[in-house]
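Since the structure comes first, as structure tokens, the remarks are kept for the end.
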Amino acid sequence: MKLKFHVFVLTSIIFTQLTIAQKVFGAEEVEEVVVTASFVDQNLSDLDNPIHVLDGEDLETSATTSLGEAIDSLTGVSIADYGSAIGQPIIRGMSGSRVKVLNNGLVTRDVSFLGPDHMNEVDLNNIEQIEIVRGPASLLYSNGAIGGIVNVVDTTIAREDFEEVKFVVGAETQSVNDGDTQNFHYENNIGGINLSLSFKDSEFGVYDVPNGAVIHEEEHHDEDHDEEHGEEEHEDEHEENLGYIANSDLESEASRIGLSTTGDWGYVGVSFSNIESLYGIPFHGEGHEGHGDEHGDEHGDEEEHEGERIFSTTDSERLDLRGSFNFNNSLVQSVDYYFRDSDYALTEQHAEEEEHHDEEHGEEEHEDEHEGHDEGPTLFTNDAQEAGFIVDLSQDTFSQKFVVNMTDEDSAIIGHEAFMNPAQNEETTMGYYLSTDIASFHLDFGIRHDRINKKGSVSHMHEEEHDEEEHHDDEDHEDEHHEDEHHEEEMETDYFDMDHDTTSFALSIGRDLSDEIHFSFGLANMERAPSVVELFMNGPHFATGKYEVGNTSLDIEKSKNVDMTLSFEGDSTYAFASFYKNDVDNYIYLLDETEEEHEEHDEEHEEGHDDHGGLTLANYLQQDAEFQGFEFEFGKTFELGSGELLLSFGRDAVSAKFSDGTNIPRINPARNIYTIAYSEEDLNLKLSLKDVDEQKDVGINETATGGYQMLDLKLAKTFNVGAESEILVSLFGNNLLDKAARNHSSFVKNEVPLPGRNYGVKFSYKF
């Protein structure tokens with residue numbers, strides 16, 4: 001596999017030399033090539049499938065948040081949070097490895113797939129836009145993306161020459177966590193070379209929550225599971241809770257640099273990015289093996305970790321080489337090529353916590369605190385190389401492309417809390433994509449074949465019993481016999497080398513019913529191979545409070561998706577409605593043991609025959625499942641003074657059930673989203689209310705979650721201070737009602753609720 005990557009790198013160098021030669025010796029005039037993240041030559045907003053495109057300027061005036069939180073208010077999109085630092089996206093009820101996070105069209109190779117307490121390592125500073133593609137169109141970007149993709153686009157490698165010098169400096173402060181950020185961005189064309197520089201430094205303390213928002217697990221078990229768990233019910237009961245979430249702080253430093261050169265012949269560029277972060281883990285599951293009560297006291301871990309800080313540090317480095325060469329002949333229009341080398345490391349550590357929760361936690365301070373602690377760190381690594389090329393075979397009447405992509409990815413967990421042996425994932429993809437108009441219909445079709453190889457192993461303890469005394473003549477010595485009996489444990493490891501071949505296709509047909517009304521129909525058959533976690537995991541996962549066991553017999557997931565969208569776009573009114581149904585054969589899920597089974601394991605743990613450490617046993621299983629739901633939104637614009645006033649309403653809902661009629665766990669409830677927005681030339685005001693329903697449709701061993709309302713306000717004003725300079729000031733307020741809110745999709749919804757009221761100001765100076 002390494003040799004294949006070297007071939008791709010050599011190919012890239014050859015194309016680079018060709019582009020230079022083409023530039024030196026001249027080239028024919030060609031039409032401007034539209035370069036997007038899609039394999040078809042379209043802007044994302046032109047695709048018939050349901051999508052969202054979030055403009056980078058909207059993020060520029062919003063509070064700094066996680067990726068998931070940044071898109072959580074879009075219909076059909078939600079979030080699985082683990083404190084404010086972590087927000088993994090959910091699309092139409094699909095989460096985990098079914099939703100791929102991309103940067104400039106390539107999958108980010110972090111370790112978010114290894115656990116819900118790991119962040120998506122994406123730099124949101126100075127981005128062009130975030131593209132959300134749901135349903136059938138998602139296979140245009142990555143294999144296995146049954147739920148969809150979230151693509152973060154930036155201009156670090158410029159594909160068109162910068163026309164002017166741009167320099168931006170900014171700062172931000174937030175009240176809920178006493179946080180602040182500083183950032184700058186610079187871009188310029190120097191001697192024909194496009195230079196892009198970006199840097200952002202963020203430091204947020206622990207965040208505040210309304211008093212009584214936290215629900216402790218042991219208190220929760222005493223309640224009737226069918227009882228409604230609303231905010232008012234628990235408010236008086238938990239008034240003693242502190243008004244903040246310990247270990248919910250975050251520090252992050254992100255930088256990017258890119259160089260490129262362009263011309264009629266195409267473009268070529270290289271970039272390097274680095275993200276370093278330190279964030280607290282606000283929850284660690286009970287039953288920590290080797291701590292607390294040796295007989296499985298469910299409070300042992302809580303007592304042991306009281307006053308202890310658990311935190312993670314990350315270091316992500318990514319090198320990109322990209323280019324495009326325009327042939328412009330009768331057969332091949334252009335060839336795009338790319339190579340990405342990603343190195344990612346996350347280290348989880350334990351240290352004694354300082355008494356004051358609002359003290360700044362610098363990285364050096366944590367390293368000093370950690371020294372001498374009896375628990376060693378746990379290192380998560382993911383090293384990946386990805387390369388490919390896209391051949392544009394388009395003609396005047398249609399667009400078509402042929403794609404080849406290769407990925408080599410090595411994942412490892414080493415240390416005190418390692419729950420999976422090192423694993424390797426290799427992928428080879430070939431795809432064909434077509435976009436054309438037939439009569440009054442527009443058609444998009446794509447098919448891809450993936451050859452996936454996964455290597456891993458599963459280790460388990462094998463216990464042998466030996467008697468030191470072979471003969472006992474007296475029955476009175478029976479107890480002594482058991483005391484003399486000792487156990488020898490040997491580690492056994494089973495190795496696996498698995499090949500999965502998946503084939504996916506998608507078809508969408510759209511038609512304009514009038515100048516204002518458009519209808520589209522999407523059909524897709526997509527396949528996803530089991531992830532290395534689902535296959536090889538075997539150990540205590542304290543972030544979820546479970547002892548998770550993978551399944552090497554898992555089969556390929558097969559998704560059959562149908563969706564329909566009707567949209568209306570008038571002079572002052574817009575509306576759209578999407579309906580979908582997704583049947584998934586062999587849906588992979590994590591099933592917790594019942595309370596009765598857990599009690600039996602506790603008894604075994606007391607007798608020394610249980611190696612789950614008091615954690616809840618959870619197994620990866622498969623069962624057919626069905627997802628169905630809808631999203632709709634409508635709005636109307638009114639002329640008001642010198643600006644425009646927009647009123648809009650949206651709602652989304654998803655129902656997810658297994659074939660036996662039980663509910664799939666951690667599915668977010670229906671939501672209503674109300675928005676009032678006013679804009680004029682240099683002023684924007686937005687007030688939004690997200691009304692989240694109570695979730696009573698719970699899975700096995702899952703509890704209901706109360707509804708909540710989240711009221712947000714944002715005011716942005718631009719001041720011109722010179723011919724080519726401006727100051728942008730934005731004021732924001734999130735959760736203005738200071739509601740105690742819990743996210744049903746979160747593994748730690750009770751212990752780690754969403755942040756309370758947050759005020760802030762953001763400033764940027766551009767010249």
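Letters for chains follow the order of the structure tokens (A, B, ...), residue numbers begin at 1 for each chain, and ligand numbers begin at 1 in the order shown.
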
* Asked: Running DSSP on the backbone, which parts of segment 495-707 of chain A land in alpha helix (DSSP H), as a list in words?
  ->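 Secondary structure check on segment 495-707 of chain A, alpha helix (DSSP H): Val532, Val533, Glu534, Leu535, Phe536, Glu595, Glu596, Glu597, His598, Glu599, Glu600, His601, Asp602, Glu603, Glu604, His605 and Glu606 of chain A.
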
> Excluding same-chain residues fewer than 6 positions from Tyr574 of chain A, what lies within 6 Å of it counting only C-alpha atoms, as a list in words?
Replying inline: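 These residues fall inside the cut-off: Phe568, Phe634 and Gly635 of chain A.
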
Taking all heavy atoms for each residue, export the selection above as a PDB file, in the first residue's frame.
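Wrote out.pdb, looks like this:
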```pdb
ATOM      1  N   PHE A 568     -40.040  26.157  -2.939  1.00  0.00           N
ATOM      2  CA  PHE A 568     -40.662  27.323  -3.553  1.00  0.00           C
ATOM      3  C   PHE A 568     -39.777  28.533  -3.277  1.00  0.00           C
ATOM      4  O   PHE A 568     -39.350  28.758  -2.148  1.00  0.00           O
ATOM      5  CB  PHE A 568     -42.060  27.555  -2.977  1.00  0.00           C
ATOM      6  CG  PHE A 568     -42.702  28.835  -3.414  1.00  0.00           C
ATOM      7  CD1 PHE A 568     -43.392  28.910  -4.610  1.00  0.00           C
ATOM      8  CD2 PHE A 568     -42.618  29.990  -2.633  1.00  0.00           C
ATOM      9  CE1 PHE A 568     -43.982  30.107  -5.014  1.00  0.00           C
ATOM     10  CE2 PHE A 568     -43.198  31.172  -3.029  1.00  0.00           C
ATOM     11  CZ  PHE A 568     -43.879  31.231  -4.223  1.00  0.00           C
ATOM     12  N   PHE A 634     -40.305  27.602   6.138  1.00  0.00           N
ATOM     13  CA  PHE A 634     -40.846  28.646   5.266  1.00  0.00           C
ATOM     14  C   PHE A 634     -40.579  30.000   5.906  1.00  0.00           C
ATOM     15  O   PHE A 634     -40.437  30.119   7.133  1.00  0.00           O
ATOM     16  CB  PHE A 634     -42.352  28.446   5.007  1.00  0.00           C
ATOM     17  CG  PHE A 634     -43.206  28.439   6.234  1.00  0.00           C
ATOM     18  CD1 PHE A 634     -43.702  29.622   6.769  1.00  0.00           C
ATOM     19  CD2 PHE A 634     -43.544  27.239   6.850  1.00  0.00           C
ATOM     20  CE1 PHE A 634     -44.491  29.619   7.896  1.00  0.00           C
ATOM     21  CE2 PHE A 634     -44.344  27.229   7.991  1.00  0.00           C
ATOM     22  CZ  PHE A 634     -44.812  28.416   8.512  1.00  0.00           C
ATOM     23  N   GLY A 635     -40.499  31.009   5.066  1.00  0.00           N
ATOM     24  CA  GLY A 635     -40.207  32.350   5.548  1.00  0.00           C
ATOM     25  C   GLY A 635     -40.705  33.412   4.602  1.00  0.00           C
ATOM     26  O   GLY A 635     -40.934  33.155   3.417  1.00  0.00           O
TER      27      GLY A 635
END
```

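When only C-alpha atoms are used to measure the gap to Leu737 of chain A, the shortest distance among A:Pro210, A:Leu590, A:Gly263, A:Asn329 belongs to A:Pro210.
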
From the list A:Leu523, A:Pro669, A:Thr64, A:Met119, the nearest residue to Ala345 of chain A using only C-alpha atoms is A:Met119

* Asked: In terms of the shortest atom-to-atom distance over only C-alpha atoms, which of A:Gly550, A:Gly760, A:Gly570, A:Pro755 is closest to Val729 of chain A?
  ->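 Closest candidate: A:Gly760.
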
Checklist entry - Which one of A:Ser642, A:Ser459, A:Ser112, A:Ser277 sits closest to Thr381 of chain A if you count only C-alpha atoms? => result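 Of all the options, A:Ser112 lies closest to Thr381 of chain A.
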
* To do: Would you list, as a ChimeraX atom specification, the residues of segment 488-629 of chain A that end up in strand (DSSP E or B) under DSSP run on this structure's backbone?
  => /A:488-512,517-528,538-541,546-549,557-569,573-592,616-629

Applying 8 Å and only C-alpha atoms, which residues near Pro377 of chain A remain after dropping the ones on its own chain fewer than 4 positions away? List them as a PyMOL selection string. chain A and resi 347-350+415-417

If you measure from atom CA of Gly205 of chain A to atom CA of Leu250 of chain A, what distance in Å do you get, rounded to one decimal?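 Rounded to one decimal, the two atoms are 6.4 Å apart.
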
List the spatial neighbours of Glu626 of chain A as a ChimeraX atom specification - criterion: any atom at most 8 Å away, only C-alpha atoms, same-chain residues fewer than 5 positions off excluded. /A:581-584,656-659

Based on the selection just made, write N, CA, C and O atoms of those residues as a PDB file, in the first residue's frame.
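The resulting file, out.pdb, is shown below:
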```pdb
ATOM      1  N   LYS A 581     -37.224   8.321   3.825  1.00  0.00           N
ATOM      2  CA  LYS A 581     -37.317   7.023   4.473  1.00  0.00           C
ATOM      3  C   LYS A 581     -36.031   6.276   4.178  1.00  0.00           C
ATOM      4  O   LYS A 581     -35.596   6.205   3.023  1.00  0.00           O
ATOM      5  N   ASN A 582     -35.431   5.730   5.222  1.00  0.00           N
ATOM      6  CA  ASN A 582     -34.140   5.065   5.083  1.00  0.00           C
ATOM      7  C   ASN A 582     -34.222   3.705   5.781  1.00  0.00           C
ATOM      8  O   ASN A 582     -34.270   3.630   7.006  1.00  0.00           O
ATOM      9  N   ASP A 583     -34.265   2.634   4.987  1.00  0.00           N
ATOM     10  CA  ASP A 583     -34.245   1.273   5.527  1.00  0.00           C
ATOM     11  C   ASP A 583     -32.807   0.784   5.553  1.00  0.00           C
ATOM     12  O   ASP A 583     -32.133   0.766   4.514  1.00  0.00           O
ATOM     13  N   VAL A 584     -32.343   0.392   6.739  1.00  0.00           N
ATOM     14  CA  VAL A 584     -30.958  -0.041   6.902  1.00  0.00           C
ATOM     15  C   VAL A 584     -30.941  -1.503   7.329  1.00  0.00           C
ATOM     16  O   VAL A 584     -31.406  -1.848   8.422  1.00  0.00           O
ATOM     17  N   ALA A 656     -36.977   6.527  14.515  1.00  0.00           N
ATOM     18  CA  ALA A 656     -36.006   5.467  14.223  1.00  0.00           C
ATOM     19  C   ALA A 656     -36.340   4.242  15.060  1.00  0.00           C
ATOM     20  O   ALA A 656     -36.322   4.299  16.294  1.00  0.00           O
ATOM     21  N   LYS A 657     -36.642   3.130  14.392  1.00  0.00           N
ATOM     22  CA  LYS A 657     -37.026   1.912  15.081  1.00  0.00           C
ATOM     23  C   LYS A 657     -36.312   0.702  14.490  1.00  0.00           C
ATOM     24  O   LYS A 657     -35.996   0.673  13.292  1.00  0.00           O
ATOM     25  N   PHE A 658     -36.092  -0.272  15.351  1.00  0.00           N
ATOM     26  CA  PHE A 658     -35.582  -1.554  14.899  1.00  0.00           C
ATOM     27  C   PHE A 658     -36.725  -2.378  14.311  1.00  0.00           C
ATOM     28  O   PHE A 658     -37.910  -2.047  14.490  1.00  0.00           O
ATOM     29  N   SER A 659     -36.360  -3.457  13.631  1.00  0.00           N
ATOM     30  CA  SER A 659     -37.373  -4.298  13.002  1.00  0.00           C
ATOM     31  C   SER A 659     -38.277  -4.975  14.021  1.00  0.00           C
ATOM     32  O   SER A 659     -39.394  -5.382  13.684  1.00  0.00           O
TER      33      SER A 659
END
```

Contacts of Gly147 of chain A at 6 Å (only C-alpha atoms; same-chain gap of 4+ positions) as a PyMOL selection string = chain A and resi 91+94+98-99

request  = Select, from A:Gly699, A:Phe398, A:Phe767, A:Glu163, the residue with the minimum atom-to-atom distance to Glu724 of chain A, counting only C-alpha atoms.
outcome  =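 Ranked by minimum distance to Glu724 of chain A, first place goes to A:Phe767.
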